[in-house]
Amino acid sequence: MRVQSLTLAAAAAAALIASAPAMLSTTSTTGRPGSPAAPAREGSVRAADLMVKLGGCTPLSHGRYRSDDGTSADIPVCGVPGAVFWTADMDIDCDGRAGPSCNSRTDPLFSESTAFQQSDGRYLSAETLPYVVVPAPSDIWDYRDHGIGPGSVAAVIYGGRVQYAVVGDTGPEDIIGEASYATAAGLGIRPDPRGGGTPSGVTYLVFKNARVSPLQDHAAAVAAGERLARKLLAEG
């Protein structure tokens, strides 16, 4: 019986050692085993490099946007070769197909539709698809005049992270600074449509004449976004 007990103990120890790598793999960057890890980085282009490249603003818009109702109109749409950008807040768009986090119970302003649709005709899922919202065309600025439309590739920059996305919805004519639940989550921004988002510091970079088809193919948006961001950095 003693020999059998030693054999069982040795086997248990061996099993514990063998399982150690798997146990370690669940440790997050905070060092707490089993806790959620930070959102994975989608590409190798650094947020800091993109921000340096964007530099100052060369306005393209004929006027300026507000970030929310009742705020000052002080946000221009700016231009760089091959792209447009603006820096604003981030409001959470939860519209489109309902899910556990985006529905009429979680979002008092929930709409079952988005301005643009998937290739199968269904409205977008804000929970699963990273997308940005552009202002509806107006005298201030018309995104269509700059080769931008449904599925245009975007890079959203915040807190040292880059989240690739597509243009997926339109908003009010005079307000700018909104993206889907999934975009916010990918940047570490609280995605709750009730009080989530962030009040400033988000840069939305949208590339001209570069669209993903089908619109819902996020992997294609990441690949195209990474290529276009590298091209932008390489230009003199």
# chains A, B, ... in the order shown; residues from 1 in each chain; ligands from 1
call {"tool": "select_by_dssp", "arguments": {"residues": "range 23-236 of chain A", "states": "strand (DSSP E or B)", "output": "MDAnalysis selection string"}}
result
chainID A and resid 27 33 59 65:66 75 78:80 83:93 96 117 123 125 131:135 152:158 161:171 175 178:180 198:211
call {"tool": "residues_around", "arguments": {"residues": "range 86-91 of chain A", "least_positions_apart": "6", "cutoff": "8 Å", "atoms": "only C-alpha atoms", "output": "NGL selection string"}}
result
:A and (67 or 75-78 or 176-179 or 184 or 193 or 196-205)
call {"tool": "residues_around", "arguments": {"residues": "range 128-136 of chain A", "least_positions_apart": "2", "cutoff": "9 Å", "atoms": "only C-alpha atoms", "output": "number ranges by chain"}}
result
A: 93, 124-126, 138, 141-143, 151, 153-154, 156, 163-186, 204, 216-218
call {"tool": "residues_around", "arguments": {"residues": "range 102-114 of chain A", "least_positions_apart": "2", "cutoff": "7 Å", "atoms": "only C-alpha atoms", "output": "PyMOL selection string"}}
result
chain A and resi 94-100+116-117+123-124+127+169+193-194
call {"tool": "write_last_selection", "arguments": {"atoms": "N, CA and C atoms", "output": "PDB file, in the first residue's frame"}}
result
ATOM      1  N   CYS A  94     -25.037  51.839 -30.296  1.00  0.00           N
ATOM      2  CA  CYS A  94     -25.488  50.468 -30.043  1.00  0.00           C
ATOM      3  C   CYS A  94     -26.581  50.058 -31.025  1.00  0.00           C
ATOM      4  N   ASP A  95     -26.748  50.820 -32.107  1.00  0.00           N
ATOM      5  CA  ASP A  95     -27.839  50.559 -33.039  1.00  0.00           C
ATOM      6  C   ASP A  95     -27.567  49.334 -33.899  1.00  0.00           C
ATOM      7  N   GLY A  96     -28.632  48.881 -34.569  1.00  0.00           N
ATOM      8  CA  GLY A  96     -28.512  47.736 -35.462  1.00  0.00           C
ATOM      9  C   GLY A  96     -29.161  46.503 -34.855  1.00  0.00           C
ATOM     10  N   ARG A  97     -28.620  45.351 -35.197  1.00  0.00           N
ATOM     11  CA  ARG A  97     -29.183  44.096 -34.694  1.00  0.00           C
ATOM     12  C   ARG A  97     -29.053  44.006 -33.175  1.00  0.00           C
ATOM     13  N   ALA A  98     -30.136  43.675 -32.529  1.00  0.00           N
ATOM     14  CA  ALA A  98     -30.139  43.600 -31.068  1.00  0.00           C
ATOM     15  C   ALA A  98     -29.327  42.401 -30.587  1.00  0.00           C
ATOM     16  N   GLY A  99     -28.721  42.569 -29.402  1.00  0.00           N
ATOM     17  CA  GLY A  99     -27.964  41.501 -28.766  1.00  0.00           C
ATOM     18  C   GLY A  99     -28.024  41.691 -27.269  1.00  0.00           C
ATOM     19  N   PRO A 100     -27.269  40.903 -26.519  1.00  0.00           N
ATOM     20  CA  PRO A 100     -27.320  40.990 -25.057  1.00  0.00           C
ATOM     21  C   PRO A 100     -26.944  42.369 -24.507  1.00  0.00           C
ATOM     22  N   PHE A 116     -26.111  51.856 -42.949  1.00  0.00           N
ATOM     23  CA  PHE A 116     -25.592  50.925 -43.941  1.00  0.00           C
ATOM     24  C   PHE A 116     -25.857  49.495 -43.480  1.00  0.00           C
ATOM     25  N   GLN A 117     -25.816  48.575 -44.427  1.00  0.00           N
ATOM     26  CA  GLN A 117     -26.170  47.188 -44.155  1.00  0.00           C
ATOM     27  C   GLN A 117     -25.057  46.228 -44.556  1.00  0.00           C
ATOM     28  N   TYR A 123     -28.974  44.584 -40.912  1.00  0.00           N
ATOM     29  CA  TYR A 123     -28.313  45.731 -40.314  1.00  0.00           C
ATOM     30  C   TYR A 123     -27.098  45.266 -39.514  1.00  0.00           C
ATOM     31  N   LEU A 124     -26.195  46.192 -39.245  1.00  0.00           N
ATOM     32  CA  LEU A 124     -24.942  45.845 -38.584  1.00  0.00           C
ATOM     33  C   LEU A 124     -25.171  45.487 -37.122  1.00  0.00           C
ATOM     34  N   GLU A 127     -22.419  45.346 -31.436  1.00  0.00           N
ATOM     35  CA  GLU A 127     -21.715  44.573 -30.415  1.00  0.00           C
ATOM     36  C   GLU A 127     -20.494  43.853 -30.962  1.00  0.00           C
ATOM     37  N   ASP A 169     -22.220  53.739 -40.008  1.00  0.00           N
ATOM     38  CA  ASP A 169     -23.465  54.420 -39.680  1.00  0.00           C
ATOM     39  C   ASP A 169     -23.259  55.918 -39.855  1.00  0.00           C
ATOM     40  N   PRO A 193     -23.832  51.866 -23.460  1.00  0.00           N
ATOM     41  CA  PRO A 193     -24.524  52.995 -24.100  1.00  0.00           C
ATOM     42  C   PRO A 193     -25.115  53.972 -23.104  1.00  0.00           C
ATOM     43  N   ARG A 194     -25.257  53.582 -21.846  1.00  0.00           N
ATOM     44  CA  ARG A 194     -25.715  54.481 -20.790  1.00  0.00           C
ATOM     45  C   ARG A 194     -24.506  54.981 -20.006  1.00  0.00           C
TER      46      ARG A 194
END
call {"tool": "residues_around", "arguments": {"residues": "Val222 in chain A", "least_positions_apart": "2", "cutoff": "8 Å", "atoms": "only C-alpha atoms", "output": "list in words"}}
result
Glu42, Gly43, Tyr164, Ala165, His218, Ala219, Ala220, Ala224, Gly225 and Glu226 of chain A
call {"tool": "write_last_selection", "arguments": {"atoms": "N, CA and C atoms", "output": "CSV table (one decimal), in the first residue's frame"}}
result
chain,number,residue,atom,x,y,z
A,42,GLU,N,-4.2,44.7,-32.7
A,42,GLU,CA,-4.7,44.2,-34.0
A,42,GLU,C,-3.6,44.3,-35.1
A,43,GLY,N,-2.6,45.1,-34.9
A,43,GLY,CA,-1.6,45.3,-35.9
A,43,GLY,C,-0.3,45.8,-35.3
A,164,TYR,N,-8.8,49.1,-35.7
A,164,TYR,CA,-9.3,49.2,-37.1
A,164,TYR,C,-10.8,48.9,-37.2
A,165,ALA,N,-11.5,49.7,-38.1
A,165,ALA,CA,-12.9,49.6,-38.2
A,165,ALA,C,-13.3,50.0,-39.6
A,218,HIS,N,-14.4,42.0,-40.7
A,218,HIS,CA,-13.4,42.8,-39.9
A,218,HIS,C,-12.0,42.4,-40.2
A,219,ALA,N,-11.7,41.1,-40.5
A,219,ALA,CA,-10.3,40.7,-40.8
A,219,ALA,C,-9.8,41.5,-42.0
A,220,ALA,N,-10.6,41.7,-43.0
A,220,ALA,CA,-10.2,42.4,-44.2
A,220,ALA,C,-10.0,43.9,-43.8
A,224,ALA,N,-6.4,45.7,-44.4
A,224,ALA,CA,-6.4,46.9,-45.2
A,224,ALA,C,-5.9,48.1,-44.4
A,225,GLY,N,-6.4,48.2,-43.2
A,225,GLY,CA,-6.1,49.3,-42.3
A,225,GLY,C,-4.6,49.4,-42.0
A,226,GLU,N,-4.0,48.2,-41.7
A,226,GLU,CA,-2.6,48.1,-41.4
A,226,GLU,C,-1.8,48.5,-42.7
call {"tool": "residues_around", "arguments": {"residues": "Ala234 in chain A", "least_positions_apart": "5", "cutoff": "12 Å", "atoms": "only C-alpha atoms", "output": "list of chain:residue names"}}
result
A:Val45, A:Asp49, A:Leu50, A:Lys53, A:Pro81, A:Arg227, A:Leu228, A:Ala229
call {"tool": "select_by_dssp", "arguments": {"residues": "chain A", "states": "alpha helix (DSSP H)", "output": "number ranges by chain"}}
result
A: 2-25, 47-54, 181-186, 218-234
call {"tool": "write_last_selection", "arguments": {"atoms": "C-alpha atoms", "output": "JSON list (two decimals), in the first residue's frame"}}
result
[["chain", "number", "residue", "atom", "x", "y", "z"],
["A", 2, "ARG", "CA", 2.88, 2.40, 0.78],
["A", 3, "VAL", "CA", 4.46, 1.84, -2.67],
["A", 4, "GLN", "CA", 1.11, 2.43, -4.35],
["A", 5, "SER", "CA", 0.63, 5.71, -2.43],
["A", 6, "LEU", "CA", 4.07, 6.97, -3.49],
["A", 7, "THR", "CA", 3.33, 6.06, -7.10],
["A", 8, "LEU", "CA", 0.02, 7.95, -7.00],
["A", 9, "ALA", "CA", 1.68, 10.96, -5.41],
["A", 10, "ALA", "CA", 4.39, 11.01, -8.08],
["A", 11, "ALA", "CA", 1.79, 10.80, -10.81],
["A", 12, "ALA", "CA", -0.17, 13.67, -9.29],
["A", 13, "ALA", "CA", 2.98, 15.81, -9.09],
["A", 14, "ALA", "CA", 3.82, 15.07, -12.70],
["A", 15, "ALA", "CA", 0.32, 16.02, -13.78],
["A", 16, "LEU", "CA", 0.57, 19.32, -11.87],
["A", 17, "ILE", "CA", 3.90, 20.16, -13.55],
["A", 18, "ALA", "CA", 2.51, 19.30, -16.97],
["A", 19, "SER", "CA", -0.48, 21.57, -16.43],
["A", 20, "ALA", "CA", 1.63, 24.55, -15.29],
["A", 21, "PRO", "CA", 2.01, 26.19, -18.76],
["A", 22, "ALA", "CA", -1.74, 26.07, -19.28],
["A", 23, "MET", "CA", -2.32, 27.61, -15.87],
["A", 24, "LEU", "CA", 0.16, 30.39, -16.57],
["A", 25, "SER", "CA", -1.43, 31.14, -19.92],
["A", 47, "ALA", "CA", -0.59, 54.78, -32.27],
["A", 48, "ALA", "CA", 2.17, 57.24, -31.36],
["A", 49, "ASP", "CA", 3.65, 57.08, -34.86],
["A", 50, "LEU", "CA", 0.29, 57.77, -36.46],
["A", 51, "MET", "CA", -0.36, 60.73, -34.18],
["A", 52, "VAL", "CA", 3.03, 62.26, -35.01],
["A", 53, "LYS", "CA", 2.32, 61.78, -38.71],
["A", 54, "LEU", "CA", -1.08, 63.48, -38.48],
["A", 181, "TYR", "CA", -19.89, 49.22, -28.93],
["A", 182, "ALA", "CA", -17.24, 46.88, -30.38],
["A", 183, "THR", "CA", -14.93, 49.77, -31.34],
["A", 184, "ALA", "CA", -15.02, 51.16, -27.81],
["A", 185, "ALA", "CA", -14.43, 47.75, -26.25],
["A", 186, "GLY", "CA", -11.41, 47.18, -28.50],
["A", 218, "HIS", "CA", -13.43, 42.75, -39.91],
["A", 219, "ALA", "CA", -10.33, 40.71, -40.75],
["A", 220, "ALA", "CA", -10.24, 42.41, -44.15],
["A", 221, "ALA", "CA", -10.59, 45.81, -42.47],
["A", 222, "VAL", "CA", -7.63, 45.04, -40.20],
["A", 223, "ALA", "CA", -5.45, 43.92, -43.12],
["A", 224, "ALA", "CA", -6.38, 46.94, -45.25],
["A", 225, "GLY", "CA", -6.07, 49.35, -42.32],
["A", 226, "GLU", "CA", -2.61, 48.11, -41.43],
["A", 227, "ARG", "CA", -1.46, 48.42, -45.06],
["A", 228, "LEU", "CA", -2.91, 51.92, -45.46],
["A", 229, "ALA", "CA", -1.51, 53.10, -42.12],
["A", 230, "ARG", "CA", 1.95, 51.90, -43.12],
["A", 231, "LYS", "CA", 1.61, 53.67, -46.46],
["A", 232, "LEU", "CA", 0.64, 56.89, -44.70],
["A", 233, "LEU", "CA", 3.65, 56.66, -42.38],
["A", 234, "ALA", "CA", 5.98, 56.03, -45.31]]
call {"tool": "atom_distance", "arguments": {"atom1": "CA of Asp145 in chain A", "atom2": "CA of Phe207 in chain A"}}
result
12.7 Å
call {"tool": "atom_distance", "arguments": {"atom1": "CA of Pro59 in chain A", "atom2": "CA of Ser72 in chain A"}}
result
17.2 Å
call {"tool": "atom_distance", "arguments": {"atom1": "CA of Pro137 in chain A", "atom2": "CA of Ser119 in chain A"}}
result
23.1 Å
call {"tool": "closest_residue", "arguments": {"among": "A:Leu215, A:Ile157, A:Ile140, A:Val84", "to": "Arg66 in chain A", "atoms": "only C-alpha atoms"}}
result
A:Ile140
